[in-house]
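entry-v3.cif follows (mmCIF, C-alpha atoms):
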data_upload
loop_
_atom_site.group_PDB
_atom_site.id
_atom_site.type_symbol
_atom_site.label_atom_id
_atom_site.label_comp_id
_atom_site.auth_asym_id
_atom_site.auth_seq_id
_atom_site.Cartn_x
_atom_site.Cartn_y
_atom_site.Cartn_z
ATOM 1 C CA MET A 1 89.204 21.453 -49.692
ATOM 2 C CA PRO A 2 90.326 24.868 -48.355
ATOM 3 C CA SER A 3 92.496 27.261 -50.284
ATOM 4 C CA LEU A 4 95.751 27.844 -48.421
ATOM 5 C CA LEU A 5 98.045 30.801 -48.020
ATOM 6 C CA CYS A 6 101.130 30.098 -45.960
ATOM 7 C CA SER A 7 103.608 32.684 -44.743
ATOM 8 C CA ALA A 8 106.003 30.059 -43.312
ATOM 9 C CA VAL A 9 108.541 30.738 -46.067
ATOM 10 C CA ASN A 10 111.250 28.741 -44.277
ATOM 11 C CA CYS A 11 109.234 25.552 -44.833
ATOM 12 C CA ILE A 12 110.572 23.147 -47.423
ATOM 13 C CA TYR A 13 107.059 22.811 -48.910
ATOM 14 C CA ASN A 14 106.389 26.559 -49.293
ATOM 15 C CA GLU A 15 106.415 27.886 -52.857
ATOM 16 C CA ASP A 16 105.249 31.490 -53.162
ATOM 17 C CA ARG A 17 102.877 31.073 -50.171
ATOM 18 C CA TYR A 18 101.377 27.861 -51.580
ATOM 19 C CA CYS A 19 102.111 24.327 -50.377
ATOM 20 C CA SER A 20 103.656 21.516 -52.420
ATOM 21 C CA LYS A 21 103.102 18.784 -49.811
ATOM 22 C CA GLY A 22 99.581 17.811 -50.943
ATOM 23 C CA ASP A 23 98.141 17.734 -47.436
ATOM 24 C CA ILE A 24 99.008 19.261 -44.084
ATOM 25 C CA MET A 25 98.269 18.543 -40.436
ATOM 26 C CA VAL A 26 97.219 21.316 -38.079
ATOM 27 C CA THR A 27 97.515 20.359 -34.425
ATOM 28 C CA GLY A 28 96.197 21.951 -31.266
ATOM 29 C CA GLU A 29 94.003 19.399 -29.535
ATOM 30 C CA ASN A 30 93.033 21.707 -26.675
ATOM 31 C CA ALA A 31 93.541 25.040 -28.459
ATOM 32 C CA GLU A 32 91.422 27.948 -27.318
ATOM 33 C CA LYS A 33 93.121 30.472 -29.629
ATOM 34 C CA ALA A 34 95.177 30.471 -32.836
ATOM 35 C CA CYS A 35 98.554 30.736 -31.095
ATOM 36 C CA GLU A 36 97.890 27.322 -29.514
ATOM 37 C CA THR A 37 97.777 25.630 -32.944
ATOM 38 C CA CYS A 38 100.576 24.809 -35.379
ATOM 39 C CA CYS A 39 101.249 23.223 -38.750
ATOM 40 C CA SER A 40 102.947 19.997 -37.699
ATOM 41 C CA SER A 41 103.793 19.334 -41.367
ATOM 42 C CA PHE A 42 106.300 22.212 -41.301
ATOM 43 C CA ARG A 43 109.849 21.171 -42.166
ATOM 44 C CA GLU A 44 112.601 23.773 -42.110
ATOM 45 C CA ARG A 45 114.277 24.503 -45.429
ATOM 46 C CA ASP A 46 118.040 23.930 -45.169
ATOM 47 C CA GLY A 47 120.939 22.576 -47.216
ATOM 48 C CA GLU A 48 120.466 19.006 -46.001
ATOM 49 C CA ASN A 49 116.854 18.634 -47.130
ATOM 50 C CA LEU A 50 117.104 20.201 -50.595
ATOM 51 C CA SER A 51 117.000 16.751 -52.202
ATOM 52 C CA ALA A 52 113.772 15.990 -50.321
ATOM 53 C CA ARG A 53 112.345 19.259 -51.658
ATOM 54 C CA ASN A 54 112.913 18.063 -55.217
ATOM 55 C CA SER A 55 110.651 15.039 -54.577
ATOM 56 C CA THR A 56 107.606 17.003 -53.391
ATOM 57 C CA GLY A 57 104.561 17.669 -55.522
ATOM 58 C CA GLU A 58 103.374 20.770 -57.326
ATOM 59 C CA ALA A 59 102.504 23.794 -55.235
ATOM 60 C CA SER A 60 98.747 24.154 -55.026
ATOM 61 C CA LYS A 61 96.367 26.800 -53.772
ATOM 62 C CA GLU A 62 93.937 24.143 -52.518
ATOM 63 C CA ILE A 63 95.055 21.474 -50.074
ATOM 64 C CA TRP A 64 93.701 18.805 -47.746
ATOM 65 C CA VAL A 65 93.975 19.937 -44.144
ATOM 66 C CA ASP A 66 93.752 17.368 -41.378
ATOM 67 C CA CYS A 67 93.176 19.056 -38.046
ATOM 68 C CA THR A 68 93.162 17.997 -34.412
ATOM 69 C CA ALA A 69 92.035 21.409 -33.098
ATOM 70 C CA CYS A 70 88.653 20.055 -32.023
ATOM 71 C CA ASN A 71 87.549 23.408 -30.553
ATOM 72 C CA CYS A 72 87.710 25.129 -33.962
ATOM 73 C CA ARG A 73 84.393 25.791 -35.664
ATOM 74 C CA TYR A 74 85.854 24.662 -39.021
ATOM 75 C CA ASN A 75 86.892 21.231 -37.726
ATOM 76 C CA GLU A 76 84.581 18.444 -38.876
ATOM 77 C CA ASP A 77 85.742 14.906 -38.108
ATOM 78 C CA GLU A 78 89.375 16.108 -37.886
ATOM 79 C CA GLU A 79 89.296 17.820 -41.296
ATOM 80 C CA CYS A 80 89.278 21.552 -41.934
ATOM 81 C CA HIS A 81 86.176 22.792 -43.745
ATOM 82 C CA ALA A 82 86.996 26.506 -43.915
ATOM 83 C CA ASP A 83 86.810 28.073 -47.371
ATOM 84 C CA SER A 84 90.359 29.316 -46.924
ATOM 85 C CA ILE A 85 93.094 28.836 -44.355
ATOM 86 C CA ASP A 86 96.100 30.940 -43.445
ATOM 87 C CA ILE A 87 99.167 29.410 -41.826
ATOM 88 C CA SER A 88 101.372 32.094 -40.319
ATOM 89 C CA GLY A 89 104.990 31.923 -39.263
ATOM 90 C CA SER A 90 107.108 34.085 -41.546
ATOM 91 C CA SER A 91 110.260 33.540 -39.474
ATOM 92 C CA ALA A 92 109.434 30.023 -38.235
ATOM 93 C CA CYS A 93 112.245 27.506 -37.856
ATOM 94 C CA THR A 94 110.112 24.838 -36.142
ATOM 95 C CA CYS A 95 106.487 23.793 -36.438
ATOM 96 C CA ARG A 96 105.770 25.268 -32.975
ATOM 97 C CA GLN A 97 106.541 28.713 -34.442
ATOM 98 C CA THR A 98 103.680 28.411 -36.927
ATOM 99 C CA GLU A 99 99.965 28.755 -36.295
ATOM 100 C CA CYS A 100 96.652 28.409 -38.038
ATOM 101 C CA SER A 101 95.493 32.026 -38.173
ATOM 102 C CA THR A 102 92.086 30.846 -39.374
ATOM 103 C CA PHE A 103 91.367 29.079 -36.069
ATOM 104 C CA ASP A 104 88.063 30.300 -34.684
ATOM 105 C CA LYS A 105 86.901 28.876 -31.402
ATOM 106 C CA GLU A 106 83.553 27.181 -31.725
ATOM 107 C CA ARG A 107 80.840 28.980 -29.808
ATOM 108 C CA ILE A 108 78.476 26.811 -27.837
#
As structure tokens, how would this structure be written, given the file I've shared?
Amino acid sequence: MPSLLCSAVNCIYNEDRYCSKGDIMVTGENAEKACETCCSSFRERDGENLSARNSTGEASKEIWVDCTACNCRYNEDEECHADSIDISGSSACTCRQTECSTFDKERI
């Protein structure tokens, strides 16, 4: 299970750069570079979803990461096996404005 740092502070699950969701999904089926990936688990923090925020789990440094970015060298059977992962998107308001900065295209 990778350790996670997440700069998407507008996400309802973000607590001091850690995630309280328990697991996340990184997408980017045909990604060739990091900017073609995103955290599809991102949900924007706003007044309407504050009650949902109260029902999430504890923020954790380590998290399960499901991943569809099959060209990434850390992807094994649609799970991330990097030691650590960084989700960027400090001003993100949608999941498409985030990315997996750890993405590293597999070399053949």
Exercise for the section: Could you tell me how far atom CA of Leu5 of chain A lies from atom CA of Thr102 of chain A, in Å and to one decimal? Expected result: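 Distance between the two atoms: 10.5 Å.
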Exercise for the section: Convert the output of the PyMOL selection byres ((chain A and resi 106) around 9) on the shown file into explicit residues, formatted as a PyMOL selection string. Expected result: chain A and resi 70-74+104-105+107-108
Problem - Test item: residues at most 6 Å from segment 38-45 of chain A, all atoms listed in the file, excluding those fewer than 2 positions along its chain, as a ChimeraX atom specification - result: /A:10-12,24-27,93,95-96,98-100
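With distances restricted to only C-alpha atoms, A:Ser60 is the closest residue to Gly22 of chain A from A:Ser3, A:Ser60, A:Thr68, A:Gln97.
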Handout entry: Selected residue of minimal separation from Ser20 of chain A among A:Glu32, A:Glu58, A:Asp46, A:Asp86, counting only C-alpha atoms
Key =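 Answer, going by the shortest atom-to-atom distance: A:Glu58.
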Problem - Proximity to Glu15 of chain A - best of A:Ala59, A:Ala92, A:Glu29, A:Glu79, all atoms listed in the file - result: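 The answer is A:Ala59, which sits nearest to Glu15 of chain A.
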Practice task
Go ahead and compute the interatomic distance for atom CA of Ala31 of chain A and atom CA of Asp16 of chain A, in Å to one decimal.
Solution key: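 Computed distance, atom CA of Ala31 of chain A to atom CA of Asp16 of chain A, equals 28.1 Å.
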Practice task
Let me know the residues the PyMOL selection byres ((chain A and resi 2) around 10) catches in the file above, as a PyMOL selection string.
Solution key: chain A and resi 1+3-5+61-65+80-86
File of the preceding selection, C-alpha atoms, as a short mmCIF file (atom, residue, chain, number, x, y, z; two decimals), in the coordinates of the input:
data_model
loop_
_atom_site.label_atom_id
_atom_site.label_comp_id
_atom_site.auth_asym_id
_atom_site.auth_seq_id
_atom_site.Cartn_x
_atom_site.Cartn_y
_atom_site.Cartn_z
CA MET A 1 89.20 21.45 -49.69
CA SER A 3 92.50 27.26 -50.28
CA LEU A 4 95.75 27.84 -48.42
CA LEU A 5 98.04 30.80 -48.02
CA LYS A 61 96.37 26.80 -53.77
CA GLU A 62 93.94 24.14 -52.52
CA ILE A 63 95.06 21.47 -50.07
CA TRP A 64 93.70 18.80 -47.75
CA VAL A 65 93.98 19.94 -44.14
CA CYS A 80 89.28 21.55 -41.93
CA HIS A 81 86.18 22.79 -43.74
CA ALA A 82 87.00 26.51 -43.92
CA ASP A 83 86.81 28.07 -47.37
CA SER A 84 90.36 29.32 -46.92
CA ILE A 85 93.09 28.84 -44.36
CA ASP A 86 96.10 30.94 -43.44
#
Problem - Atomic distance atom CA of Ala8 of chain A - atom CA of Glu76 of chain A, expressed in Å with one decimal - result: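 Computing the Euclidean distance for atom CA of Ala8 of chain A and atom CA of Glu76 of chain A yields 24.8 Å.
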Exercise for the section: Kindly resolve the PyMOL selection byres ((chain A and resi 34) around 7) on the present coordinates and return the residues as a PyMOL selection string. Expected result: chain A and resi 33+35-37+99-101+103
Dump C-alpha atoms for the selected residues as a compact mmCIF listing (two decimals), keeping the file's coordinate frame?
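Output file result02.txt follows:
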# COMPACT_ATOMS: atom_id res chain seq x y z
CA LYS A 33 93.12 30.47 -29.63
CA CYS A 35 98.55 30.74 -31.10
CA GLU A 36 97.89 27.32 -29.51
CA THR A 37 97.78 25.63 -32.94
CA GLU A 99 99.96 28.76 -36.30
CA CYS A 100 96.65 28.41 -38.04
CA SER A 101 95.49 32.03 -38.17
CA PHE A 103 91.37 29.08 -36.07
Box dimensions and centre (Å, one decimal) enclosing segment 14-25 of chain A, axis-aligned, 6 Å extra per side, as AutoDock Vina command-line options:
--center_x 102.3 --center_y 24.6 --center_z -46.8 --size_x 20.3 --size_y 25.8 --size_z 24.7
Handout entry: Nearby residues (all atoms listed in the file) at most 7 Å from Cys6 of chain A, same-chain spacing under 3 positions excluded, as an MDAnalysis selection string
Key = chainID A and resid 17:18 86:88
Dump C-alpha atoms for the selected residues as a PDB file, keeping the file's coordinate frame?
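Saved to result.pdb:
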ATOM      1  CA  ARG A  17     102.877  31.073 -50.171  1.00  0.00           C
ATOM      2  CA  TYR A  18     101.377  27.861 -51.580  1.00  0.00           C
ATOM      3  CA  ASP A  86      96.100  30.940 -43.445  1.00  0.00           C
ATOM      4  CA  ILE A  87      99.167  29.410 -41.826  1.00  0.00           C
ATOM      5  CA  SER A  88     101.372  32.094 -40.319  1.00  0.00           C
TER       6      SER A  88
END
